[in-house]
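First up is the structure itself, then whatever we jot down about it.
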Amino acid sequence: MAQADAETRDMAAKRLSRRAFIKGVVAAGAVSCAGVVFRGAGMAGPKSSSASVERLISLSVNGQKRHVEVTAQETLAVTLRNKLGLTGVKIGCDRAECGACTVLIDDVPRYSCSILTHSVRGAKILTVEGLAAPDGRLHPLQQGVLDEQGFQCGFCAPGFLMAAAGFLATNPEPTRRELARGVSGNLCRCQDYDKILDGLMRGAEYLRKG
Ligand code: FES
Ligand code: FES
């Protein structure tokens with residue numbers, strides 16, 4: 001009996017800590033990524049001196065005006081992560097294949113690893129850090145993922161959330177198949193697609209209910 005109680009307590013503690021983990025992932029993309037090779041433009045090889053000159057520009061990120069110095073060839077993913085501290089933007093492939101770096105630009109999902117930062121001056125940029133309400137209330141999609149306990153390691157979560165947010169703005173009542181197609185530009189190396197879709201479908205439902 002005492003052993004059964006201890007096991008029940010143990011399972012409850014594990015559920016709680018997994019919930020806390022997923023909440024961190026969906027709210028700010030906070031996830032450690034051992035084994036992932038980051039190949040940001042900031043880590044690329046030697047550059048010519050003119051290419052490495054930084055110029056001060058301003059960007060609109062998550063509803064705030066941000067001033068930042070960028071080089072001509074710097075990608076938005078590198079600027080957001082390395083210079084603005086928005087590490088919810090992940091860099092997986094760094095070549096427009098995995099979707100981990102997806103952000104919304106003027107409400108459209110885009111791969112930030114494949115966009116030059118200076119080309120989005122004047123655009124409205126939204127990262128996973130800006131998805132929740134200003135009072136900290138999770139976005140319905142984040143809540144849906146949390147409630148369904150979706151994602152395993154969580155590395156791909158911010159990209160999926162941003163892709164889904166952009167897709168649902170154009171198709172608020174998708175079938176599961178349509179939503180799957182809507183986020184098909186995003187890959188999950190944990191292959192957790194069923195759980196991810198469960199969470200996103202639940203989130204879409206919350207979104208419709210307001
Ligand atoms: S890191 Fe941008 S698509 Fe993979
Ligand atoms: S949950 Fe691990 S990469 Fe998708």
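Ordering of the structure tokens sets the chain letters (A, B, ...); residue numbers start at 1 within each chain; ligands are numbered from 1 in the order shown.
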Name all residues at most 7 Å from stretch 188-192 of chain A (count only C-alpha atoms; drop same-chain ones fewer than 5 positions away) and give them as a ChimeraX atom specification.
/A:151-152,156
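Here the DSSP assignment of strand (DSSP E), based on backbone atoms, applies within stretch 46-189 of chain A to A:Glu54, A:Arg55, A:Leu56, A:Ile57, A:Ser58, A:Leu59, A:Ser60, A:Val61, A:Gln64, A:Lys65, A:Arg66, A:His67, A:Val68, A:Glu69, A:Val70, A:Thr71, A:Thr102, A:Val103, A:Leu104, A:Ile105, A:Val108, A:Pro109, A:Arg110, A:Tyr111, A:Lys124, A:Ile125, A:Leu126.
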Given the selection you just returned, output its residues as a file containing C-alpha atoms, formatted as a CSV table (one decimal), in the first residue's frame.
chain,number,residue,atom,x,y,z
A,54,GLU,CA,27.4,46.5,-39.3
A,55,ARG,CA,24.8,49.1,-39.8
A,56,LEU,CA,22.2,50.2,-37.3
A,57,ILE,CA,18.6,49.5,-38.3
A,58,SER,CA,15.3,49.3,-36.5
A,59,LEU,CA,12.9,46.4,-36.5
A,60,SER,CA,9.4,45.8,-35.3
A,61,VAL,CA,9.6,42.6,-33.2
A,64,GLN,CA,8.3,46.6,-30.0
A,65,LYS,CA,10.7,48.8,-31.9
A,66,ARG,CA,14.2,47.2,-31.6
A,67,HIS,CA,17.4,48.9,-32.7
A,68,VAL,CA,20.1,46.5,-33.8
A,69,GLU,CA,23.4,46.5,-35.7
A,70,VAL,CA,23.4,44.0,-38.6
A,71,THR,CA,25.7,43.1,-41.4
A,102,THR,CA,9.7,30.0,-38.5
A,103,VAL,CA,8.4,33.4,-37.5
A,104,LEU,CA,5.5,35.5,-38.8
A,105,ILE,CA,6.4,38.4,-41.0
A,108,VAL,CA,2.8,35.1,-42.9
A,109,PRO,CA,5.0,32.2,-41.7
A,110,ARG,CA,8.5,32.5,-43.1
A,111,TYR,CA,11.8,30.7,-42.5
A,124,LYS,CA,5.9,43.3,-38.4
A,125,ILE,CA,7.9,40.3,-37.0
A,126,LEU,CA,6.4,37.9,-34.5
Fewer than 4 positions away in the same chain doesn't count, so skip those; otherwise give me all residues within 12 Å of A:Gly210, counting only C-alpha atoms, as JSON, numbers by chain.
{"A": [139, 140, 141, 172, 203, 204, 205, 206]}
Pairwise distance for atom CA of A:Arg19 and atom CA of A:Gly150, rounded to one decimal in Å:
9.8 Å
With only C-alpha atoms and all ligand atoms as the basis for distance, which of A:Leu131, A:Ile91, A:Leu207, A:Ala164 is at the shortest distance from ligand 1?
A:Ile91
Contacts of A:Leu200 within 10 Å, only C-alpha atoms, excl. fewer than 2 positions in-chain, as a VMD selection string
chain A and resid 140 to 146 148 150 160 to 161 164 to 165 168 176 179 to 180 183 194 to 198 202 to 206
Selection as number ranges by chain: residues within 12 Å of ligand 1 by only C-alpha atoms and all ligand atoms
A: 36-41, 75-78, 81, 88-103, 109-115, 155-156, 158-160, 163, 184-189
For ligand 2, the nearest of the candidates A:Leu84, A:Ala72, A:Gly154, A:Gly24, counting only C-alpha atoms and all ligand atoms
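For ligand 2, the nearest of the given residues is A:Gly154.
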Determine the nearest neighbour of ligand 2 from the options A:Ala169, A:Leu138, A:Ile22, A:Cys153, counting only C-alpha atoms and all ligand atoms.
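Closest candidate: A:Cys153.
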What separation in Å, quoted to one decimal, exists between atom CA of A:Asn171 and atom CA of A:Glu129?
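One can read the atom CA of A:Asn171 to atom CA of A:Glu129 distance as 22.9 Å.
Between atom CA of A:Gly136 and atom CA of A:Ala27 the separation is 8.8 Å.
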